[in-house]
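To start, the structure itself, in structure tokens.
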Amino acid sequence: MSDAVQENSEAVQDQDVQEVERFRDACAQLREEIRHVIVGQQDVVEEVLLAMFSRGHCLLEGVPGLAKTLLVRTLARVLHLDFHRIQFTPDLMPSDIIGTDILRENKETGERFFEFVHGPLFANIVLADEINRTPPKTQAALLEAMQEHRVTTGGKEYFLREPFLVLATQNPIEQEGTYPLPEAQLDRFMFHIRVDYPGFEDEIEVVRRTTTQRDVEVKHILTGEDIVRLQDLVYRIPVPEHVYRYAVTLVRKTRRDEADTPDYVREWVAWGAGPRASQYLVLGAKARSILYGRGYASVEDVKAVAGPVLRHRILLNFNAEAAGVTSEHVIARLMDEMPVIEPAA
């Protein structure tokens with residue numbers, strides 16, 4: 001271990017090593033409990049947990065029937081958190097999400113007044129199911145909540161309960177009657193998670209479990225207060241300087257106007273990732289270091305979260321589409337070609 005990494009490791013050992021170990025063990029139990037309900041999809045489960053630990057939000061994309069809703073509901077059960085599901089439809093209004101002022105009357109005095117009735121957004125975990133089925137006006141109702149963890153209505157601010165996590169789903173194969181999320185909304189999601197078909201053995205187990213009478217009880221592993229402490233711990237995890245530089249360099253290389261941008265990026269990319277991508281790469285790397293019981297973030301942690309952080313932040317052009325190139329292809333090629341500058345020993 002290099003001197004720089006050793007110093008960072010000792011820094012976390014002095015104040016937070018016990019917390020790192022405790023949460024590592026708790027996260028292992030958490031994943032085991034989720035496994036009692038969800039078959040396979042371990043990468044998806046890990047990425048959702050990393051986003052939650054980093055105070056981020058997730059967009060889950062996959063065809064129907066891959067247990068996206070069941071995963072979110074199970075996570076809420078294991079964490080003993082309030083959970084609300086919002087089914088996004090073309091006629092959904094912002095007030096249906098945020099809430100609205102209701103005219104009340106004091107029965108004793110006869111005085112009338114407005115009282116704000118909270119909408120389903122006021123929960124710890126909010127599932128925005130098929131978010132791309134509602135118009136942009138309603139989609140935008142989530143923007144302030146996701147960024148500021150509060151909403152403004154009727155000239156008043158209402159703060160959301162912590163922890164607060166939005167998990168949105170969308171179907172990639174059905175386009176009729178949908179409203180693509182604008183880039184500003186996509187950028188609010190820390191991770192864009194691809195939910196793929198299960199493997200053969202996993203699918204057999206899914207069929208076995210769902211075609212027999214089976215009632216699964218899961219244990220509560222962490223509380224809302226535990227999650228908030230874990231989120232605070234993520235921000236205290238040290239990051240060596242070379243890891244910061246690797247994350248920022250990776251993001252900047254996705255921008256076609258940078259001096260050292262590869263030719264293939266200029267050929268295929270219309271718009272690259274912004275600074276929020278660099279922030280989320282580092283936060284995701286910090287959270288992953290806790291998940292694996294380490295006291296500092298590494299370049300390998302950055303690489304592990306690069307896909308879900310960057311895939312929805314790289315806008316490809318027609319050249320890439322014609323060549324069958326995806327954002328994942330660009331990300332993988334950049335990481336393969338980028339040298340890792342290790343700190344001096």
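Chain labels A, B, ... are given in the sequence in which chains occur in the structure tokens; within each chain residues are numbered consecutively from 1, and ligands are likewise numbered from 1 in the order shown.
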
Item to check | Neighbour list for segment 296-299 of chain A as a ChimeraX atom specification, cut-off 6 Å, only C-alpha atoms, skip fewer than 6 positions in-chain | outcome: /A:9,237-239,243,285-286,289

Checklist entry - What lies within 7 Å of segment 227-236 of chain A using only C-alpha atoms, ignoring chain neighbours under 5 positions off, as a list in words? => result Phe53, Ser54, Arg55, Pro163, Leu222, Lys286 and Ala287 of chain A

Output of the above residues as a short mmCIF file (atom, residue, chain, number, x, y, z; two decimals), in the first residue's frame, restricted to N, CA and C atoms:
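Contents of selection30.cif, as written:
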data_model
loop_
_atom_site.label_atom_id
_atom_site.label_comp_id
_atom_site.auth_asym_id
_atom_site.auth_seq_id
_atom_site.Cartn_x
_atom_site.Cartn_y
_atom_site.Cartn_z
N PHE A 53 -26.85 4.85 -0.12
CA PHE A 53 -25.82 5.25 0.83
C PHE A 53 -25.22 6.60 0.46
N SER A 54 -25.28 6.95 -0.83
CA SER A 54 -24.69 8.20 -1.32
C SER A 54 -25.69 9.34 -1.42
N ARG A 55 -26.91 9.13 -0.92
CA ARG A 55 -28.00 10.11 -1.04
C ARG A 55 -28.36 10.38 -2.50
N PRO A 163 -34.05 9.00 5.59
CA PRO A 163 -33.47 9.11 4.24
C PRO A 163 -34.57 9.20 3.19
N LEU A 222 -31.53 -2.62 9.04
CA LEU A 222 -31.12 -1.26 9.36
C LEU A 222 -32.35 -0.37 9.49
N LYS A 286 -16.81 5.84 -2.78
CA LYS A 286 -16.74 5.86 -1.31
C LYS A 286 -17.73 4.86 -0.71
N ALA A 287 -18.98 4.88 -1.21
CA ALA A 287 -19.99 3.96 -0.69
C ALA A 287 -19.58 2.51 -0.91
#

Item to check | Distance in Å - atom CA of Val206 of chain A versus atom CA of Ile38 of chain A | outcome: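 These two atoms are separated by 8.3 Å.
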
Item to check | Distance of atom CA of Asp257 of chain A from atom CA of Trp271 of chain A, expressed in Å to one decimal place | outcome: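 So the answer is 9.4 Å.
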
Checklist entry - What does the distance from atom CA of Ala51 of chain A to atom CA of Thr153 of chain A come to in Å, to one decimal? => result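 Going from atom CA of Ala51 of chain A over to atom CA of Thr153 of chain A, I get 27.4 Å.
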
Checklist entry - Which residues come within 9 Å of Arg294 of chain A, counting only C-alpha atoms, excluding same-chain residues fewer than 5 positions away, as a list in words? => result Ser9, Val17, Val20, Glu21, Arg24, Arg288 and Ser289 of chain A

Next on the checklist: Using only C-alpha atoms for the distances, tell me which of A:Phe318, A:Phe191, A:Phe116, A:Tyr244 is nearest to Val305 of chain A.
Outcome noted: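 Of the candidates, the smallest distance to Val305 of chain A is held by A:Phe191.
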
Checklist entry - Can you list, as a VMD selection string, every protein, DNA or RNA residue that comes within 9 Å of Thr69 of chain A when you count only C-alpha atoms, leaving out same-chain residues fewer than 2 positions away? => result chain A and resid 66 to 67 71 to 74 85 127 129 169

Please produce a file of the residues just selected, as a CSV table (one decimal), in the first residue's frame, where the atoms kept are N, CA and C atoms.
chain,number,residue,atom,x,y,z
A,66,LEU,N,-39.4,-8.3,-14.5
A,66,LEU,CA,-38.1,-8.6,-14.0
A,66,LEU,C,-37.9,-8.2,-12.5
A,67,ALA,N,-39.0,-8.1,-11.8
A,67,ALA,CA,-39.1,-7.9,-10.3
A,67,ALA,C,-38.5,-6.5,-9.9
A,71,LEU,N,-38.3,-5.7,-6.0
A,71,LEU,CA,-37.0,-5.3,-5.4
A,71,LEU,C,-37.1,-4.1,-4.5
A,72,VAL,N,-37.8,-3.0,-5.0
A,72,VAL,CA,-37.9,-1.8,-4.3
A,72,VAL,C,-38.7,-2.0,-3.0
A,73,ARG,N,-39.8,-2.8,-3.1
A,73,ARG,CA,-40.7,-3.1,-2.0
A,73,ARG,C,-39.9,-3.9,-0.9
A,74,THR,N,-39.2,-4.8,-1.4
A,74,THR,CA,-38.4,-5.7,-0.5
A,74,THR,C,-37.3,-4.8,0.3
A,85,ARG,N,-45.7,3.8,-3.6
A,85,ARG,CA,-45.6,3.6,-5.0
A,85,ARG,C,-46.5,4.6,-5.8
A,127,LEU,N,-41.3,4.8,-5.2
A,127,LEU,CA,-41.2,4.2,-6.4
A,127,LEU,C,-42.0,4.9,-7.5
A,129,ASP,N,-43.2,4.5,-10.7
A,129,ASP,CA,-43.3,3.4,-11.6
A,129,ASP,C,-43.7,3.9,-13.0
A,169,THR,N,-38.8,3.6,-12.5
A,169,THR,CA,-38.7,2.6,-13.5
A,169,THR,C,-39.2,3.0,-14.9

Contacts of segment 322-334 of chain A within 12 Å, only C-alpha atoms, excl. fewer than 4 positions in-chain, as a PDB file with N, CA and C atoms, in the first residue's frame:
ATOM      1  N   HIS A 192     -28.133   5.042 -13.572  1.00  0.00           N
ATOM      2  CA  HIS A 192     -29.066   4.455 -14.528  1.00  0.00           C
ATOM      3  C   HIS A 192     -28.756   2.966 -14.548  1.00  0.00           C
ATOM      4  N   ILE A 193     -29.651   2.168 -13.970  1.00  0.00           N
ATOM      5  CA  ILE A 193     -29.393   0.746 -13.749  1.00  0.00           C
ATOM      6  C   ILE A 193     -30.137  -0.077 -14.787  1.00  0.00           C
ATOM      7  N   ARG A 194     -29.413  -0.922 -15.480  1.00  0.00           N
ATOM      8  CA  ARG A 194     -30.020  -1.829 -16.441  1.00  0.00           C
ATOM      9  C   ARG A 194     -30.393  -3.131 -15.734  1.00  0.00           C
ATOM     10  N   TYR A 246      -8.365  10.481 -11.362  1.00  0.00           N
ATOM     11  CA  TYR A 246      -8.845   9.475 -12.306  1.00  0.00           C
ATOM     12  C   TYR A 246     -10.320   9.709 -12.635  1.00  0.00           C
ATOM     13  N   ALA A 247     -11.138   9.956 -11.609  1.00  0.00           N
ATOM     14  CA  ALA A 247     -12.578  10.149 -11.820  1.00  0.00           C
ATOM     15  C   ALA A 247     -12.840  11.370 -12.697  1.00  0.00           C
ATOM     16  N   THR A 249     -10.726  12.938 -14.738  1.00  0.00           N
ATOM     17  CA  THR A 249     -10.168  12.747 -16.079  1.00  0.00           C
ATOM     18  C   THR A 249     -11.089  11.878 -16.933  1.00  0.00           C
ATOM     19  N   LEU A 250     -11.642  10.817 -16.341  1.00  0.00           N
ATOM     20  CA  LEU A 250     -12.555   9.938 -17.072  1.00  0.00           C
ATOM     21  C   LEU A 250     -13.770  10.714 -17.577  1.00  0.00           C
ATOM     22  N   VAL A 251     -14.331  11.554 -16.731  1.00  0.00           N
ATOM     23  CA  VAL A 251     -15.503  12.328 -17.125  1.00  0.00           C
ATOM     24  C   VAL A 251     -15.145  13.334 -18.211  1.00  0.00           C
ATOM     25  N   ARG A 252     -14.041  14.026 -18.050  1.00  0.00           N
ATOM     26  CA  ARG A 252     -13.663  15.056 -19.022  1.00  0.00           C
ATOM     27  C   ARG A 252     -13.363  14.461 -20.401  1.00  0.00           C
ATOM     28  N   LYS A 253     -12.908  13.225 -20.437  1.00  0.00           N
ATOM     29  CA  LYS A 253     -12.626  12.584 -21.717  1.00  0.00           C
ATOM     30  C   LYS A 253     -13.897  12.226 -22.488  1.00  0.00           C
ATOM     31  N   THR A 254     -15.055  12.326 -21.844  1.00  0.00           N
ATOM     32  CA  THR A 254     -16.310  12.086 -22.575  1.00  0.00           C
ATOM     33  C   THR A 254     -16.769  13.338 -23.315  1.00  0.00           C
ATOM     34  N   ARG A 255     -16.086  14.462 -23.122  1.00  0.00           N
ATOM     35  CA  ARG A 255     -16.485  15.726 -23.745  1.00  0.00           C
ATOM     36  C   ARG A 255     -15.660  15.953 -25.006  1.00  0.00           C
ATOM     37  N   ASP A 260      -7.502  16.684 -24.953  1.00  0.00           N
ATOM     38  CA  ASP A 260      -6.990  15.313 -25.052  1.00  0.00           C
ATOM     39  C   ASP A 260      -8.100  14.287 -25.258  1.00  0.00           C
ATOM     40  N   THR A 261      -9.248  14.730 -25.753  1.00  0.00           N
ATOM     41  CA  THR A 261     -10.354  13.805 -26.015  1.00  0.00           C
ATOM     42  C   THR A 261      -9.987  12.878 -27.175  1.00  0.00           C
ATOM     43  N   PRO A 262     -10.191  11.565 -27.024  1.00  0.00           N
ATOM     44  CA  PRO A 262      -9.885  10.635 -28.129  1.00  0.00           C
ATOM     45  C   PRO A 262     -10.738  10.927 -29.361  1.00  0.00           C
ATOM     46  N   ASP A 263     -10.227  10.549 -30.510  1.00  0.00           N
ATOM     47  CA  ASP A 263     -10.921  10.807 -31.772  1.00  0.00           C
ATOM     48  C   ASP A 263     -12.277  10.115 -31.832  1.00  0.00           C
ATOM     49  N   TYR A 264     -12.367   8.897 -31.269  1.00  0.00           N
ATOM     50  CA  TYR A 264     -13.638   8.180 -31.347  1.00  0.00           C
ATOM     51  C   TYR A 264     -14.724   8.859 -30.517  1.00  0.00           C
ATOM     52  N   VAL A 265     -14.344   9.572 -29.455  1.00  0.00           N
ATOM     53  CA  VAL A 265     -15.333  10.326 -28.686  1.00  0.00           C
ATOM     54  C   VAL A 265     -15.854  11.495 -29.525  1.00  0.00           C
ATOM     55  N   ARG A 266     -14.962  12.174 -30.213  1.00  0.00           N
ATOM     56  CA  ARG A 266     -15.391  13.280 -31.083  1.00  0.00           C
ATOM     57  C   ARG A 266     -16.282  12.762 -32.221  1.00  0.00           C
ATOM     58  N   GLU A 267     -16.042  11.535 -32.648  1.00  0.00           N
ATOM     59  CA  GLU A 267     -16.825  10.970 -33.750  1.00  0.00           C
ATOM     60  C   GLU A 267     -18.217  10.523 -33.298  1.00  0.00           C
ATOM     61  N   TRP A 268     -18.329  10.018 -32.065  1.00  0.00           N
ATOM     62  CA  TRP A 268     -19.567   9.368 -31.638  1.00  0.00           C
ATOM     63  C   TRP A 268     -20.392  10.168 -30.625  1.00  0.00           C
ATOM     64  N   VAL A 269     -19.767  11.069 -29.888  1.00  0.00           N
ATOM     65  CA  VAL A 269     -20.459  11.715 -28.763  1.00  0.00           C
ATOM     66  C   VAL A 269     -20.905  13.116 -29.145  1.00  0.00           C
ATOM     67  N   ALA A 270     -22.185  13.403 -28.904  1.00  0.00           N
ATOM     68  CA  ALA A 270     -22.708  14.752 -29.122  1.00  0.00           C
ATOM     69  C   ALA A 270     -22.482  15.620 -27.892  1.00  0.00           C
ATOM     70  N   TRP A 271     -22.782  15.088 -26.713  1.00  0.00           N
ATOM     71  CA  TRP A 271     -22.571  15.800 -25.446  1.00  0.00           C
ATOM     72  C   TRP A 271     -22.007  14.830 -24.425  1.00  0.00           C
ATOM     73  N   GLY A 272     -20.995  15.297 -23.705  1.00  0.00           N
ATOM     74  CA  GLY A 272     -20.392  14.464 -22.676  1.00  0.00           C
ATOM     75  C   GLY A 272     -20.984  14.732 -21.306  1.00  0.00           C
ATOM     76  N   ALA A 273     -20.448  14.052 -20.322  1.00  0.00           N
ATOM     77  CA  ALA A 273     -20.953  14.151 -18.957  1.00  0.00           C
ATOM     78  C   ALA A 273     -20.467  15.443 -18.288  1.00  0.00           C
ATOM     79  N   LYS A 303     -14.148   2.528 -11.192  1.00  0.00           N
ATOM     80  CA  LYS A 303     -14.458   1.746 -12.387  1.00  0.00           C
ATOM     81  C   LYS A 303     -15.746   0.949 -12.214  1.00  0.00           C
ATOM     82  N   ALA A 304     -15.982   0.451 -11.004  1.00  0.00           N
ATOM     83  CA  ALA A 304     -17.159  -0.382 -10.759  1.00  0.00           C
ATOM     84  C   ALA A 304     -18.459   0.396 -10.896  1.00  0.00           C
ATOM     85  N   VAL A 305     -18.423   1.699 -10.604  1.00  0.00           N
ATOM     86  CA  VAL A 305     -19.657   2.500 -10.671  1.00  0.00           C
ATOM     87  C   VAL A 305     -19.718   3.364 -11.928  1.00  0.00           C
ATOM     88  N   ALA A 306     -18.704   3.283 -12.788  1.00  0.00           N
ATOM     89  CA  ALA A 306     -18.655   4.156 -13.963  1.00  0.00           C
ATOM     90  C   ALA A 306     -19.820   3.903 -14.911  1.00  0.00           C
ATOM     91  N   GLY A 307     -20.199   2.645 -15.107  1.00  0.00           N
ATOM     92  CA  GLY A 307     -21.291   2.329 -16.020  1.00  0.00           C
ATOM     93  C   GLY A 307     -22.607   2.983 -15.633  1.00  0.00           C
ATOM     94  N   PRO A 308     -23.134   2.689 -14.442  1.00  0.00           N
ATOM     95  CA  PRO A 308     -24.414   3.294 -14.054  1.00  0.00           C
ATOM     96  C   PRO A 308     -24.368   4.801 -13.874  1.00  0.00           C
ATOM     97  N   VAL A 309     -23.193   5.371 -13.579  1.00  0.00           N
ATOM     98  CA  VAL A 309     -23.097   6.823 -13.427  1.00  0.00           C
ATOM     99  C   VAL A 309     -23.079   7.528 -14.782  1.00  0.00           C
ATOM    100  N   LEU A 310     -22.388   6.958 -15.769  1.00  0.00           N
ATOM    101  CA  LEU A 310     -22.120   7.675 -17.010  1.00  0.00           C
ATOM    102  C   LEU A 310     -23.054   7.318 -18.165  1.00  0.00           C
ATOM    103  N   ARG A 311     -23.682   6.149 -18.145  1.00  0.00           N
ATOM    104  CA  ARG A 311     -24.383   5.686 -19.356  1.00  0.00           C
ATOM    105  C   ARG A 311     -25.513   6.610 -19.779  1.00  0.00           C
ATOM    106  N   HIS A 312     -26.156   7.298 -18.833  1.00  0.00           N
ATOM    107  CA  HIS A 312     -27.251   8.203 -19.200  1.00  0.00           C
ATOM    108  C   HIS A 312     -26.793   9.651 -19.298  1.00  0.00           C
ATOM    109  N   ARG A 313     -25.504   9.888 -19.114  1.00  0.00           N
ATOM    110  CA  ARG A 313     -24.969  11.245 -19.196  1.00  0.00           C
ATOM    111  C   ARG A 313     -24.144  11.474 -20.456  1.00  0.00           C
ATOM    112  N   ILE A 314     -23.991  10.451 -21.261  1.00  0.00           N
ATOM    113  CA  ILE A 314     -23.275  10.565 -22.531  1.00  0.00           C
ATOM    114  C   ILE A 314     -24.305  10.480 -23.646  1.00  0.00           C
ATOM    115  N   LEU A 315     -24.473  11.577 -24.362  1.00  0.00           N
ATOM    116  CA  LEU A 315     -25.447  11.645 -25.455  1.00  0.00           C
ATOM    117  C   LEU A 315     -24.727  11.380 -26.773  1.00  0.00           C
ATOM    118  N   LEU A 316     -25.088  10.279 -27.417  1.00  0.00           N
ATOM    119  CA  LEU A 316     -24.430   9.886 -28.655  1.00  0.00           C
ATOM    120  C   LEU A 316     -25.091  10.543 -29.867  1.00  0.00           C
ATOM    121  N   ASN A 317     -24.344  10.602 -30.981  1.00  0.00           N
ATOM    122  CA  ASN A 317     -24.867  11.216 -32.203  1.00  0.00           C
ATOM    123  C   ASN A 317     -25.281  10.132 -33.206  1.00  0.00           C
ATOM    124  N   PHE A 318     -25.653  10.566 -34.404  1.00  0.00           N
ATOM    125  CA  PHE A 318     -26.125   9.632 -35.423  1.00  0.00           C
ATOM    126  C   PHE A 318     -25.011   8.713 -35.913  1.00  0.00           C
ATOM    127  N   MET A 338      -7.268   4.366 -20.424  1.00  0.00           N
ATOM    128  CA  MET A 338      -6.761   5.370 -19.467  1.00  0.00           C
ATOM    129  C   MET A 338      -5.750   4.772 -18.528  1.00  0.00           C
ATOM    130  N   PRO A 339      -4.557   5.339 -18.446  1.00  0.00           N
ATOM    131  CA  PRO A 339      -3.594   4.855 -17.458  1.00  0.00           C
ATOM    132  C   PRO A 339      -3.983   5.310 -16.055  1.00  0.00           C
ATOM    133  N   VAL A 340      -3.701   4.478 -15.073  1.00  0.00           N
ATOM    134  CA  VAL A 340      -3.956   4.822 -13.686  1.00  0.00           C
ATOM    135  C   VAL A 340      -2.648   5.336 -13.087  1.00  0.00           C
TER     136      VAL A 340
END

Next on the checklist: Would you pick out the contacts of Phe189 of chain A at 7 Å or less, using only C-alpha atoms, so that residues sharing its chain but fewer than 4 positions from it are not included, and give the list as a VMD selection string?
Outcome noted: chain A and resid 56 to 59

Next on the checklist: Just checking: using only C-alpha atoms, which residue out of A:Leu75, A:Ala28, A:Leu281, A:Val63 ends up closest to Asp196 of chain A?
Outcome noted: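 The shortest atom-to-atom distance to Asp196 of chain A comes from A:Val63.
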
Next on the checklist: Could you list, as a list of chain:residue names, every residue within 12 Å of segment 209-212 of chain A, counting only C-alpha atoms and ignoring same-chain residues fewer than 3 positions away?
Outcome noted: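 The filter keeps A:His36, A:Val37, A:Ile38, A:Val39, A:Ala67, A:Asp202, A:Glu203, A:Ile204, A:Glu205, A:Val206, A:Asp215, A:Val216.
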
Residue selection dump (N, CA and C atoms) as a CSV table (one decimal), in the first residue's frame:
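Written out: out28.csv:
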chain,number,residue,atom,x,y,z
A,36,HIS,N,-33.5,-13.6,-0.1
A,36,HIS,CA,-34.6,-14.5,0.2
A,36,HIS,C,-35.8,-14.3,-0.6
A,37,VAL,N,-35.9,-13.1,-1.2
A,37,VAL,CA,-37.1,-12.7,-2.0
A,37,VAL,C,-36.7,-12.5,-3.5
A,38,ILE,N,-35.6,-11.9,-3.7
A,38,ILE,CA,-35.1,-11.6,-5.1
A,38,ILE,C,-34.1,-12.6,-5.5
A,39,VAL,N,-34.3,-13.3,-6.6
A,39,VAL,CA,-33.4,-14.3,-7.1
A,39,VAL,C,-32.4,-13.6,-8.1
A,67,ALA,N,-39.0,-8.1,-11.8
A,67,ALA,CA,-39.1,-7.9,-10.3
A,67,ALA,C,-38.5,-6.5,-9.9
A,202,ASP,N,-31.3,-19.2,-12.4
A,202,ASP,CA,-32.1,-18.2,-11.7
A,202,ASP,C,-33.5,-18.2,-12.1
A,203,GLU,N,-33.8,-18.3,-13.4
A,203,GLU,CA,-35.1,-18.3,-13.9
A,203,GLU,C,-35.9,-19.5,-13.4
A,204,ILE,N,-35.2,-20.6,-13.4
A,204,ILE,CA,-35.9,-21.8,-12.8
A,204,ILE,C,-36.3,-21.6,-11.4
A,205,GLU,N,-35.4,-21.0,-10.6
A,205,GLU,CA,-35.7,-20.7,-9.2
A,205,GLU,C,-36.8,-19.7,-9.0
A,206,VAL,N,-36.9,-18.7,-9.9
A,206,VAL,CA,-38.0,-17.8,-9.9
A,206,VAL,C,-39.3,-18.5,-10.1
A,215,ASP,N,-44.6,-18.1,1.7
A,215,ASP,CA,-44.7,-16.8,2.4
A,215,ASP,C,-43.3,-16.5,3.1
A,216,VAL,N,-42.7,-15.5,2.6
A,216,VAL,CA,-41.3,-15.2,3.0
A,216,VAL,C,-41.4,-14.0,4.0

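The residue that comes closest to Ile102 of chain A, out of A:Gly40, A:Gly154, A:Pro182, A:Pro135 and on the basis of only C-alpha atoms, is A:Gly154.
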
Checklist entry - DSSP on the backbone: what in segment 22-114 of chain A comes out helix (DSSP H, G or I), as a PyMOL selection string? => result chain A and resi 22-35+42-53+68-79+94-98
